[in-house]
>>> print(open('input_31.pdb').read())   # PDB, C-alpha atoms
ATOM      1  CA  MET A   1    -134.782 -25.330 -25.902
ATOM      2  CA  ALA A   2    -135.096 -22.562 -23.291
ATOM      3  CA  GLU A   3    -132.160 -20.199 -23.015
ATOM      4  CA  GLN A   4    -130.177 -20.750 -19.815
ATOM      5  CA  ARG A   5    -130.299 -17.884 -17.347
ATOM      6  CA  VAL A   6    -126.927 -16.886 -15.926
ATOM      7  CA  PRO A   7    -125.862 -13.786 -13.964
ATOM      8  CA  LEU A   8    -124.281 -12.062 -16.944
ATOM      9  CA  TYR A   9    -127.526 -11.726 -18.890
ATOM     10  CA  ASP A  10    -128.829  -8.173 -18.682
ATOM     11  CA  ALA A  11    -126.249  -7.395 -15.989
ATOM     12  CA  PRO A  12    -126.117  -3.698 -15.050
ATOM     13  CA  VAL A  13    -123.030  -1.547 -15.438
ATOM     14  CA  VAL A  14    -120.834  -1.793 -12.356
ATOM     15  CA  ALA A  15    -117.682  -0.018 -13.571
ATOM     16  CA  HIS A  16    -116.683   2.801 -15.900
ATOM     17  CA  VAL A  17    -113.337   3.010 -17.660
ATOM     18  CA  ILE A  18    -112.588   6.726 -17.798
ATOM     19  CA  ARG A  19    -109.935   8.143 -20.133
ATOM     20  CA  SER A  20    -109.211  11.887 -20.058
ATOM     21  CA  GLY A  21    -112.599  12.567 -18.478
ATOM     22  CA  PHE A  22    -114.444  10.478 -21.094
ATOM     23  CA  VAL A  23    -116.207   7.168 -20.373
ATOM     24  CA  GLU A  24    -114.403   4.972 -22.862
ATOM     25  CA  SER A  25    -115.716   1.546 -21.822
ATOM     26  CA  VAL A  26    -118.017  -0.045 -19.282
ATOM     27  CA  HIS A  27    -118.094  -3.349 -17.416
ATOM     28  CA  HIS A  28    -121.348  -5.077 -16.554
ATOM     29  CA  GLY A  29    -121.630  -7.375 -13.575
ATOM     30  CA  SER A  30    -123.613  -8.907 -10.743
ATOM     31  CA  VAL A  31    -122.943  -8.538  -7.018
ATOM     32  CA  VAL A  32    -124.492  -9.935  -3.846
ATOM     33  CA  ALA A  33    -123.764  -9.282  -0.169
ATOM     34  CA  LEU A  34    -125.373 -11.352   2.574
ATOM     35  CA  GLY A  35    -125.775 -10.671   6.264
ATOM     36  CA  ALA A  36    -124.574 -13.152   8.861
ATOM     37  CA  ASN A  37    -128.145 -14.417   9.128
ATOM     38  CA  GLY A  38    -128.353 -15.000   5.383
ATOM     39  CA  SER A  39    -130.399 -11.895   4.622
ATOM     40  CA  THR A  40    -129.630 -10.013   1.420
ATOM     41  CA  LEU A  41    -127.860  -6.731   2.157
ATOM     42  CA  LEU A  42    -127.071  -5.840  -1.448
ATOM     43  CA  ALA A  43    -128.074  -7.340  -4.779
ATOM     44  CA  VAL A  44    -127.013  -5.926  -8.140
ATOM     45  CA  GLY A  45    -128.064  -7.846 -11.226
ATOM     46  CA  ASP A  46    -129.059 -11.502 -11.277
ATOM     47  CA  VAL A  47    -127.649 -13.110  -8.137
ATOM     48  CA  ALA A  48    -129.835 -16.230  -8.197
ATOM     49  CA  GLY A  49    -128.937 -17.660 -11.610
ATOM     50  CA  PRO A  50    -126.248 -20.344 -11.934
ATOM     51  CA  MET A  51    -122.677 -19.480 -12.846
ATOM     52  CA  PHE A  52    -119.358 -21.270 -12.680
ATOM     53  CA  PRO A  53    -117.406 -19.945  -9.669
ATOM     54  CA  ARG A  54    -114.197 -21.240 -11.244
ATOM     55  CA  SER A  55    -111.267 -20.994  -8.815
ATOM     56  CA  SER A  56    -113.357 -19.156  -6.235
ATOM     57  CA  SER A  57    -114.630 -22.629  -5.353
ATOM     58  CA  LYS A  58    -111.173 -23.926  -4.425
ATOM     59  CA  PRO A  59    -111.599 -23.444  -0.651
ATOM     60  CA  ILE A  60    -114.752 -25.567  -0.938
ATOM     61  CA  GLN A  61    -112.844 -28.210  -2.871
ATOM     62  CA  ALA A  62    -110.109 -28.120  -0.235
ATOM     63  CA  LEU A  63    -112.721 -28.612   2.472
ATOM     64  CA  ALA A  64    -113.997 -31.713   0.704
ATOM     65  CA  MET A  65    -110.447 -33.044   0.606
ATOM     66  CA  VAL A  66    -109.947 -32.437   4.327
ATOM     67  CA  ARG A  67    -113.231 -34.219   5.007
ATOM     68  CA  ALA A  68    -111.928 -37.177   2.989
ATOM     69  CA  GLY A  69    -108.761 -37.417   5.073
ATOM     70  CA  LEU A  70    -106.273 -35.008   3.490
ATOM     71  CA  ASP A  71    -103.651 -34.390   6.156
ATOM     72  CA  LEU A  72    -102.477 -30.880   5.321
ATOM     73  CA  ASP A  73    -102.603 -27.625   7.227
ATOM     74  CA  GLY A  74    -100.869 -24.265   7.255
ATOM     75  CA  GLU A  75     -99.247 -23.090   4.055
ATOM     76  CA  LEU A  76     -99.780 -26.343   2.173
ATOM     77  CA  LEU A  77    -103.512 -26.317   2.853
ATOM     78  CA  ALA A  78    -103.654 -22.691   1.660
ATOM     79  CA  LEU A  79    -101.797 -23.803  -1.478
ATOM     80  CA  ALA A  80    -104.357 -26.589  -1.976
ATOM     81  CA  ALA A  81    -107.105 -23.938  -1.854
ATOM     82  CA  GLY A  82    -105.212 -21.485  -4.039
ATOM     83  CA  SER A  83    -104.391 -20.344  -7.546
ATOM     84  CA  HIS A  84    -100.688 -19.665  -7.144
ATOM     85  CA  SER A  85     -98.540 -17.266  -9.129
ATOM     86  CA  GLY A  86     -95.832 -19.822  -9.813
ATOM     87  CA  GLU A  87     -93.257 -18.419  -7.415
ATOM     88  CA  LEU A  88     -90.462 -20.736  -6.299
ATOM     89  CA  PHE A  89     -92.020 -21.410  -2.899
ATOM     90  CA  HIS A  90     -95.295 -22.368  -4.594
ATOM     91  CA  LEU A  91     -93.602 -24.925  -6.814
ATOM     92  CA  GLU A  92     -91.617 -26.354  -3.928
ATOM     93  CA  GLY A  93     -94.843 -26.585  -1.923
ATOM     94  CA  VAL A  94     -96.530 -28.597  -4.668
ATOM     95  CA  ARG A  95     -93.608 -30.984  -4.695
ATOM     96  CA  ARG A  96     -93.876 -31.337  -0.894
ATOM     97  CA  ILE A  97     -97.566 -32.252  -1.130
ATOM     98  CA  LEU A  98     -96.834 -34.843  -3.787
ATOM     99  CA  ALA A  99     -93.826 -36.296  -1.981
ATOM    100  CA  GLY A 100     -95.858 -36.654   1.205
ATOM    101  CA  ALA A 101     -98.197 -38.954  -0.705
ATOM    102  CA  GLY A 102     -95.420 -40.866  -2.438
ATOM    103  CA  LEU A 103     -96.103 -39.154  -5.755
ATOM    104  CA  THR A 104     -94.220 -36.940  -8.226
ATOM    105  CA  GLU A 105     -94.936 -34.178 -10.748
ATOM    106  CA  GLN A 106     -95.580 -36.862 -13.354
ATOM    107  CA  ASP A 107     -98.766 -37.823 -11.502
ATOM    108  CA  LEU A 108    -100.309 -34.372 -12.021
ATOM    109  CA  GLN A 109    -103.042 -34.268 -14.671
ATOM    110  CA  ASN A 110    -103.783 -30.533 -14.719
ATOM    111  CA  THR A 111    -103.315 -28.733 -18.018
ATOM    112  CA  PRO A 112     -99.679 -27.708 -18.641
ATOM    113  CA  ASP A 113     -99.249 -23.945 -18.614
ATOM    114  CA  LEU A 114     -96.799 -21.149 -17.884
ATOM    115  CA  PRO A 115     -96.789 -19.516 -14.424
ATOM    116  CA  TYR A 116     -99.741 -17.196 -13.747
ATOM    117  CA  GLY A 117     -97.702 -14.328 -12.292
ATOM    118  CA  GLU A 118     -96.301 -11.951 -14.910
ATOM    119  CA  SER A 119     -92.796 -11.776 -13.410
ATOM    120  CA  GLU A 120     -92.697 -15.526 -12.900
ATOM    121  CA  ARG A 121     -93.987 -16.190 -16.422
ATOM    122  CA  ASN A 122     -91.428 -13.874 -18.016
ATOM    123  CA  ALA A 123     -88.592 -15.471 -16.058
ATOM    124  CA  TRP A 124     -89.850 -18.935 -16.973
ATOM    125  CA  ILE A 125     -89.891 -18.089 -20.674
ATOM    126  CA  ALA A 126     -86.508 -16.357 -20.512
ATOM    127  CA  SER A 127     -84.980 -19.499 -19.022
ATOM    128  CA  GLY A 128     -86.254 -21.554 -21.952
ATOM    129  CA  ARG A 129     -88.654 -23.675 -19.955
ATOM    130  CA  LYS A 130     -91.877 -24.940 -21.464
ATOM    131  CA  ALA A 131     -95.408 -25.048 -20.084
ATOM    132  CA  SER A 132     -95.817 -27.680 -17.367
ATOM    133  CA  SER A 133     -98.436 -29.011 -14.983
ATOM    134  CA  LEU A 134     -96.252 -27.972 -12.050
ATOM    135  CA  ALA A 135     -96.126 -24.333 -13.178
ATOM    136  CA  GLN A 136     -99.872 -24.102 -13.869
ATOM    137  CA  ASN A 137    -101.701 -22.144 -11.150
ATOM    138  CA  CYS A 138    -103.925 -25.053 -10.062
ATOM    139  CA  SER A 139    -101.101 -27.498  -9.364
ATOM    140  CA  GLY A 140    -101.501 -27.098  -5.602
ATOM    141  CA  LYS A 141    -105.126 -28.181  -5.831
ATOM    142  CA  HIS A 142    -104.286 -31.090  -8.093
ATOM    143  CA  ALA A 143    -101.447 -32.270  -5.881
ATOM    144  CA  ALA A 144    -103.829 -32.148  -2.916
ATOM    145  CA  MET A 145    -106.494 -34.040  -4.875
ATOM    146  CA  LEU A 146    -103.969 -36.788  -5.574
ATOM    147  CA  ALA A 147    -102.840 -36.834  -1.937
ATOM    148  CA  THR A 148    -106.482 -37.110  -0.879
ATOM    149  CA  CYS A 149    -106.968 -40.100  -3.151
ATOM    150  CA  VAL A 150    -103.947 -41.811  -1.606
ATOM    151  CA  ALA A 151    -105.229 -41.087   1.916
ATOM    152  CA  ALA A 152    -108.721 -42.381   1.111
ATOM    153  CA  GLY A 153    -107.597 -45.366  -0.926
ATOM    154  CA  TRP A 154    -109.118 -44.020  -4.149
ATOM    155  CA  ASP A 155    -107.771 -44.401  -7.663
ATOM    156  CA  THR A 156    -105.335 -41.664  -8.647
ATOM    157  CA  GLU A 157    -105.506 -42.255 -12.394
ATOM    158  CA  THR A 158    -109.142 -41.194 -12.690
ATOM    159  CA  TYR A 159    -109.274 -38.429 -10.075
ATOM    160  CA  LEU A 160    -110.611 -35.887 -12.611
ATOM    161  CA  ASP A 161    -113.589 -38.015 -13.634
ATOM    162  CA  PRO A 162    -116.829 -36.355 -12.441
ATOM    163  CA  LEU A 163    -117.964 -39.755 -11.133
ATOM    164  CA  HIS A 164    -114.796 -40.297  -9.071
ATOM    165  CA  PRO A 165    -115.524 -40.480  -5.307
ATOM    166  CA  LEU A 166    -113.492 -37.306  -4.716
ATOM    167  CA  GLN A 167    -115.421 -35.286  -7.285
ATOM    168  CA  GLN A 168    -118.711 -36.609  -5.973
ATOM    169  CA  LEU A 169    -117.706 -35.523  -2.462
ATOM    170  CA  ILE A 170    -116.861 -32.064  -3.809
ATOM    171  CA  VAL A 171    -120.367 -31.839  -5.316
ATOM    172  CA  GLN A 172    -121.856 -32.755  -1.940
ATOM    173  CA  THR A 173    -119.626 -30.290  -0.076
ATOM    174  CA  LEU A 174    -120.533 -27.479  -2.444
ATOM    175  CA  ALA A 175    -124.225 -28.184  -1.881
ATOM    176  CA  ASP A 176    -123.662 -28.313   1.882
ATOM    177  CA  LEU A 177    -121.931 -24.936   2.109
ATOM    178  CA  SER A 178    -123.874 -23.065  -0.574
ATOM    179  CA  GLY A 179    -127.284 -24.432   0.348
ATOM    180  CA  GLU A 180    -127.856 -25.236  -3.330
ATOM    181  CA  PRO A 181    -127.429 -28.285  -5.564
ATOM    182  CA  ALA A 182    -125.005 -27.897  -8.438
ATOM    183  CA  GLU A 183    -126.949 -26.633 -11.442
ATOM    184  CA  ALA A 184    -124.411 -27.914 -13.965
ATOM    185  CA  VAL A 185    -121.026 -29.598 -14.154
ATOM    186  CA  GLY A 186    -118.372 -28.470 -16.636
ATOM    187  CA  VAL A 187    -114.644 -28.767 -17.215
ATOM    188  CA  ASP A 188    -112.483 -26.101 -15.597
ATOM    189  CA  GLY A 189    -109.428 -24.653 -17.308
ATOM    190  CA  CYS A 190    -107.156 -27.016 -15.382
ATOM    191  CA  GLY A 191    -109.175 -30.103 -16.330
ATOM    192  CA  ALA A 192    -110.988 -30.636 -13.019
ATOM    193  CA  PRO A 193    -114.791 -30.596 -12.875
ATOM    194  CA  VAL A 194    -116.383 -27.230 -12.060
ATOM    195  CA  MET A 195    -119.913 -26.988 -10.649
ATOM    196  CA  ALA A 196    -122.365 -24.138 -11.170
ATOM    197  CA  VAL A 197    -124.118 -22.388  -8.285
ATOM    198  CA  SER A 198    -125.510 -18.889  -7.837
ATOM    199  CA  LEU A 199    -123.580 -15.890  -6.579
ATOM    200  CA  THR A 200    -125.836 -16.012  -3.531
ATOM    201  CA  GLY A 201    -124.831 -19.619  -2.885
ATOM    202  CA  LEU A 202    -121.153 -18.755  -3.259
ATOM    203  CA  ALA A 203    -121.475 -15.839  -0.820
ATOM    204  CA  ARG A 204    -123.288 -18.131   1.623
ATOM    205  CA  ALA A 205    -120.450 -20.654   1.438
ATOM    206  CA  PHE A 206    -117.807 -18.033   2.221
ATOM    207  CA  SER A 207    -119.903 -16.747   5.101
ATOM    208  CA  ARG A 208    -119.875 -20.236   6.592
ATOM    209  CA  PHE A 209    -116.094 -20.482   6.263
ATOM    210  CA  ALA A 210    -115.584 -17.126   7.910
ATOM    211  CA  VAL A 211    -117.523 -17.958  11.082
ATOM    212  CA  ALA A 212    -116.759 -21.662  11.341
ATOM    213  CA  ALA A 213    -116.345 -22.911  14.904
ATOM    214  CA  ASP A 214    -112.876 -23.793  16.123
ATOM    215  CA  GLY A 215    -112.056 -27.423  15.581
ATOM    216  CA  THR A 216    -114.153 -27.837  12.458
ATOM    217  CA  ASP A 217    -112.752 -28.641   9.042
ATOM    218  CA  GLU A 218    -114.174 -25.358   7.740
ATOM    219  CA  ALA A 219    -112.236 -23.444  10.403
ATOM    220  CA  LYS A 220    -109.065 -25.335   9.494
ATOM    221  CA  VAL A 221    -109.313 -24.246   5.853
ATOM    222  CA  ALA A 222    -110.182 -20.666   6.807
ATOM    223  CA  ALA A 223    -107.263 -20.473   9.259
ATOM    224  CA  ALA A 224    -104.818 -21.593   6.578
ATOM    225  CA  ILE A 225    -106.095 -18.957   4.145
ATOM    226  CA  ARG A 226    -105.884 -16.176   6.731
ATOM    227  CA  ALA A 227    -102.404 -17.135   7.911
ATOM    228  CA  TYR A 228    -100.846 -17.845   4.509
ATOM    229  CA  PRO A 229    -102.558 -15.700   1.862
ATOM    230  CA  GLN A 230     -99.365 -15.528  -0.192
ATOM    231  CA  TRP A 231     -99.687 -19.299  -0.696
ATOM    232  CA  LEU A 232    -103.304 -18.885  -1.811
ATOM    233  CA  GLY A 233    -102.323 -16.296  -4.426
ATOM    234  CA  GLY A 234     -98.872 -14.752  -4.547
ATOM    235  CA  THR A 235     -96.747 -11.981  -3.145
ATOM    236  CA  ARG A 236     -98.077  -9.447  -5.689
ATOM    237  CA  ARG A 237    -101.715 -10.564  -5.985
ATOM    238  CA  ASP A 238    -104.731  -8.467  -5.002
ATOM    239  CA  VAL A 239    -106.410 -11.390  -3.223
ATOM    240  CA  THR A 240    -103.347 -11.735  -0.997
ATOM    241  CA  SER A 241    -103.382  -8.021  -0.178
ATOM    242  CA  LEU A 242    -107.093  -8.085   0.622
ATOM    243  CA  ILE A 243    -106.787 -10.977   3.074
ATOM    244  CA  ARG A 244    -103.797  -9.353   4.757
ATOM    245  CA  GLY A 245    -105.441  -5.951   4.890
ATOM    246  CA  VAL A 246    -108.760  -6.837   6.565
ATOM    247  CA  PRO A 247    -108.534  -8.843   9.805
ATOM    248  CA  GLY A 248    -110.566 -12.040   9.766
ATOM    249  CA  LEU A 249    -111.430 -11.819   6.071
ATOM    250  CA  ILE A 250    -111.065 -14.774   3.717
ATOM    251  CA  ALA A 251    -111.261 -14.408  -0.059
ATOM    252  CA  LYS A 252    -110.689 -16.261  -3.300
ATOM    253  CA  ASP A 253    -110.497 -14.899  -6.816
ATOM    254  CA  GLY A 254    -111.445 -16.911  -9.878
ATOM    255  CA  ALA A 255    -111.143 -16.977 -13.650
ATOM    256  CA  GLU A 256    -113.742 -15.131 -15.705
ATOM    257  CA  SER A 257    -113.709 -12.420 -13.037
ATOM    258  CA  VAL A 258    -115.380 -14.096 -10.069
ATOM    259  CA  TYR A 259    -114.542 -12.955  -6.530
ATOM    260  CA  ALA A 260    -115.831 -14.224  -3.184
ATOM    261  CA  VAL A 261    -115.275 -12.917   0.343
ATOM    262  CA  GLY A 262    -116.251 -13.986   3.830
ATOM    263  CA  LEU A 263    -115.998 -11.421   6.642
ATOM    264  CA  ALA A 264    -115.202 -12.211  10.249
ATOM    265  CA  ASP A 265    -118.700 -11.168  11.353
ATOM    266  CA  GLY A 266    -120.339 -13.683   8.998
ATOM    267  CA  ARG A 267    -121.212 -11.440   6.081
ATOM    268  CA  GLY A 268    -120.505 -12.873   2.657
ATOM    269  CA  VAL A 269    -119.909 -11.261  -0.737
ATOM    270  CA  ALA A 270    -119.701 -12.677  -4.249
ATOM    271  CA  LEU A 271    -119.426 -10.931  -7.594
ATOM    272  CA  LYS A 272    -118.881 -11.649 -11.252
ATOM    273  CA  ILE A 273    -117.882  -9.205 -13.976
ATOM    274  CA  ALA A 274    -119.950 -10.246 -16.985
ATOM    275  CA  ASP A 275    -117.269  -9.938 -19.654
ATOM    276  CA  GLY A 276    -114.814 -12.066 -17.675
ATOM    277  CA  GLY A 277    -112.092  -9.404 -17.713
ATOM    278  CA  GLN A 278    -110.173  -9.010 -14.473
ATOM    279  CA  ARG A 279    -109.455  -5.272 -14.348
ATOM    280  CA  ALA A 280    -112.783  -4.249 -12.765
ATOM    281  CA  ARG A 281    -112.966  -7.159 -10.310
ATOM    282  CA  PRO A 282    -110.881  -5.752  -7.398
ATOM    283  CA  VAL A 283    -112.268  -2.250  -7.983
ATOM    284  CA  VAL A 284    -115.867  -3.414  -7.641
ATOM    285  CA  MET A 285    -115.058  -5.619  -4.634
ATOM    286  CA  ALA A 286    -113.451  -2.649  -2.869
ATOM    287  CA  ALA A 287    -116.589  -0.601  -3.518
ATOM    288  CA  VAL A 288    -118.829  -3.337  -2.136
ATOM    289  CA  LEU A 289    -116.772  -3.706   1.025
ATOM    290  CA  ARG A 290    -116.855   0.047   1.550
ATOM    291  CA  ARG A 291    -120.621  -0.045   1.056
ATOM    292  CA  LEU A 292    -120.716  -2.610   3.862
ATOM    293  CA  GLY A 293    -118.892  -0.173   6.133
ATOM    294  CA  LEU A 294    -115.332  -1.461   5.959
ATOM    295  CA  ASP A 295    -112.553   1.105   6.244
ATOM    296  CA  ALA A 296    -109.128  -0.290   5.413
ATOM    297  CA  GLU A 297    -106.110   1.045   3.546
ATOM    298  CA  VAL A 298    -106.096  -1.990   1.269
ATOM    299  CA  LEU A 299    -109.444  -0.935  -0.173
ATOM    300  CA  ASP A 300    -107.844   2.290  -1.405
ATOM    301  CA  GLU A 301    -105.153   0.220  -3.078
ATOM    302  CA  LEU A 302    -107.626  -2.140  -4.763
ATOM    303  CA  ALA A 303    -109.807   0.735  -5.947
ATOM    304  CA  ASP A 304    -106.829   2.445  -7.591
ATOM    305  CA  ALA A 305    -106.848   1.113 -11.168
ATOM    306  CA  PRO A 306    -105.150   3.662 -13.428
ATOM    307  CA  VAL A 307    -105.816   4.104 -17.132
ATOM    308  CA  LEU A 308    -102.639   5.120 -18.969
ATOM    309  CA  GLY A 309    -102.028   7.348 -21.959
ATOM    310  CA  HIS A 310     -98.528   7.710 -23.382
ATOM    311  CA  GLY A 311     -97.200   6.123 -20.204
ATOM    312  CA  HIS A 312     -98.949   8.570 -17.883
ATOM    313  CA  ARG A 313    -102.118   8.274 -15.832
ATOM    314  CA  VAL A 314    -105.016   9.879 -17.695
ATOM    315  CA  GLY A 315    -107.950   8.188 -15.992
ATOM    316  CA  SER A 316    -109.065   5.193 -13.981
ATOM    317  CA  VAL A 317    -111.470   2.292 -13.657
ATOM    318  CA  VAL A 318    -114.169   3.272 -11.163
ATOM    319  CA  ALA A 319    -117.056   1.339  -9.649
ATOM    320  CA  VAL A 320    -120.589   2.627 -10.249
ATOM    321  CA  GLY A 321    -124.009   1.612  -9.030
ATOM    322  CA  ILE A 322    -122.752  -0.048  -5.842
TER     323      ILE A 322
END
>>> encode(input="input_31.pdb", output="structure tokens")
Amino acid sequence: MAEQRVPLYDAPVVAHVIRSGFVESVHHGSVVALGANGSTLLAVGDVAGPMFPRSSSKPIQALAMVRAGLDLDGELLALAAGSHSGELFHLEGVRRILAGAGLTEQDLQNTPDLPYGESERNAWIASGRKASSLAQNCSGKHAAMLATCVAAGWDTETYLDPLHPLQQLIVQTLADLSGEPAEAVGVDGCGAPVMAVSLTGLARAFSRFAVAADGTDEAKVAAAIRAYPQWLGGTRRDVTSLIRGVPGLIAKDGAESVYAVGLADGRGVALKIADGGQRARPVVMAAVLRRLGLDAEVLDELADAPVLGHGHRVGSVVAVGI
């Protein structure tokens, strides 16, 4: 059987971890940036092979839900497209989505977990609470999936089945926005299906969101993300800071170190750090956006990833080869 080609194979080094002037570790990765016309502006590594975009595909999933009749906008639509930190307003938002569809937390089928945000997780544990589907970072998406099923008259018990009408619509929507058919279907960490496309396809999808015409479903999702980035991520998340810091930008981070961005002028960016670790992800994205000519204070913040020794800064994670 032929070995599957994915972007992490033979990926070049895109970040150095420098301690006391010594390159201690490296991160490999793949990066693509597209022009508004779809032309390739930057390609590092394999950007055509399939990979799982993980939670970076959530805005696409949210779009499919809106197309199926999901009646959410504003902060709740951003929450549906997000991977929340588990802050109180996130959890209350999930309950609002469920209540609007006549459902409760017990209807959620996403994998029980502790809150994603460190502060929220520590507080959760300190209070003696156990892992729950509500606290898990994908509960906004799952609540919206259930609400979509109610709106469309689809079964709510089997909403995670890849053959369910909702999941089939998500496959079609992904192909529509990315310009590619799904290369593979797997099971995401939360239990929902996840579909493989290339980094180029993911960048193309975010480009389409960013320049969607007013009145379209794509524009509705993009507007929610831009207006309520704290609902997409959290008050202390880099994806939230990036959206706030660059006018017109939309972005979504994902597990296994995937990151996708759409710029207001139609350019799209997608990257994956090959080892799946998150520490190089914002650093490399900041370098790519600078390479594209962006100048924003938030890029300085994202590029600042200190390496500590004995509690003091002795180095940093820096992007290379971009």
>>> atom_distance(input="input_31.pdb", atom1="CA of Gly315 (chain A)", atom2="CA of Pro12 (chain A)")
21.7 Å
>>> residues_around(input="input_31.pdb", residues="Arg244 (chain A)", least_positions_apart="2", cutoff="12 Å", atoms="only C-alpha atoms", output="PyMOL selection string")
chain A and resi 225-230+232-242+246-251+296-299
>>> resolve_selection(input="input_31.pdb", expression="the PyMOL selection byres ((chain A and resi 33-48) around 6)", output="number ranges by chain")
A: 7, 11-12, 30-32, 49, 198-200, 266-269
>>> resolve_selection(input="input_31.pdb", expression="the PyMOL selection byres ((chain A and resi 142) around 10)", output="PyMOL selection string")
chain A and resi 80-81+94+97-98+107-110+133-134+137-141+143-148+159-160+190-192
>>> write_last_selection(input="input_31.pdb", atoms="C-alpha atoms", output="compact mmCIF listing (two decimals), in the frame of the given file")
# COMPACT_ATOMS: atom_id res chain seq x y z
CA ALA A 80 -104.36 -26.59 -1.98
CA ALA A 81 -107.10 -23.94 -1.85
CA VAL A 94 -96.53 -28.60 -4.67
CA ILE A 97 -97.57 -32.25 -1.13
CA LEU A 98 -96.83 -34.84 -3.79
CA ASP A 107 -98.77 -37.82 -11.50
CA LEU A 108 -100.31 -34.37 -12.02
CA GLN A 109 -103.04 -34.27 -14.67
CA ASN A 110 -103.78 -30.53 -14.72
CA SER A 133 -98.44 -29.01 -14.98
CA LEU A 134 -96.25 -27.97 -12.05
CA ASN A 137 -101.70 -22.14 -11.15
CA CYS A 138 -103.92 -25.05 -10.06
CA SER A 139 -101.10 -27.50 -9.36
CA GLY A 140 -101.50 -27.10 -5.60
CA LYS A 141 -105.13 -28.18 -5.83
CA ALA A 143 -101.45 -32.27 -5.88
CA ALA A 144 -103.83 -32.15 -2.92
CA MET A 145 -106.49 -34.04 -4.88
CA LEU A 146 -103.97 -36.79 -5.57
CA ALA A 147 -102.84 -36.83 -1.94
CA THR A 148 -106.48 -37.11 -0.88
CA TYR A 159 -109.27 -38.43 -10.07
CA LEU A 160 -110.61 -35.89 -12.61
CA CYS A 190 -107.16 -27.02 -15.38
CA GLY A 191 -109.18 -30.10 -16.33
CA ALA A 192 -110.99 -30.64 -13.02
>>> resolve_selection(input="input_31.pdb", expression="the PyMOL selection byres ((chain A and resi 279) around 12)", output="ChimeraX atom specification")
/A:15-17,25-27,238,255-258,272-278,280-285,302-307,316-319
>>> closest_residue(input="input_31.pdb", among="A:Arg121, A:Ala78, A:Leu63, A:Arg290", to="Val171 (chain A)", atoms="all atoms listed in the file")
A:Leu63
>>> residues_around(input="input_31.pdb", residues="region 214-220 of chain A", least_positions_apart="6", cutoff="10 Å", atoms="only C-alpha atoms", output="PyMOL selection string")
chain A and resi 59-60+62-67+72-74+77-78+177+206+208
>>> residues_near_point(input="input_31.pdb", point="(-123.7, -20.8, 1.9)", cutoff="6 Å", atoms="only C-alpha atoms", output="list in words")
Leu177, Ser178, Gly179, Gly201, Arg204 and Ala205 of chain A
>>> write_last_selection(input="input_31.pdb", atoms="C-alpha atoms", output="PDB file, keeping the file's coordinate frame")
ATOM      1  CA  LEU A 177    -121.931 -24.936   2.109  1.00  0.00           C
ATOM      2  CA  SER A 178    -123.874 -23.065  -0.574  1.00  0.00           C
ATOM      3  CA  GLY A 179    -127.284 -24.432   0.348  1.00  0.00           C
ATOM      4  CA  GLY A 201    -124.831 -19.619  -2.885  1.00  0.00           C
ATOM      5  CA  ARG A 204    -123.288 -18.131   1.623  1.00  0.00           C
ATOM      6  CA  ALA A 205    -120.450 -20.654   1.438  1.00  0.00           C
TER       7      ALA A 205
END
>>> atom_distance(input="input_31.pdb", atom1="CA of Pro181 (chain A)", atom2="CA of Ala196 (chain A)")
8.6 Å
>>> closest_residue(input="input_31.pdb", among="A:Gly311, A:Gly293, A:Gly102, A:Gly93", to="Trp231 (chain A)", atoms="all atoms listed in the file")
A:Gly93
>>> residues_around(input="input_31.pdb", residues="Val185 (chain A)", least_positions_apart="4", cutoff="12 Å", atoms="all atoms listed in the file", output="list of chain:residue names")
A:Pro50, A:Met51, A:Phe52, A:Pro53, A:Arg54, A:Asp161, A:Pro162, A:Leu163, A:Gln167, A:Gln168, A:Ile170, A:Val171, A:Leu174, A:Pro181, A:Ala192, A:Pro193, A:Val194, A:Met195, A:Ala196, A:Val197
>>> atom_distance(input="input_31.pdb", atom1="CA of Thr104 (chain A)", atom2="CA of Lys130 (chain A)")
18.0 Å
>>> axis_aligned_box(input="input_31.pdb", around="region 181-189 of chain A", padding_each_side="8 Å", output="AutoDock Vina command-line options")
--center_x -118.4 --center_y -27.1 --center_z -11.4 --size_x 34.0 --size_y 20.9 --size_z 27.7
>>> closest_residue(input="input_31.pdb", among="A:Ser119, A:Ser207, A:Gln172, A:Thr158", to="Leu88 (chain A)", atoms="all atoms listed in the file")
A:Ser119
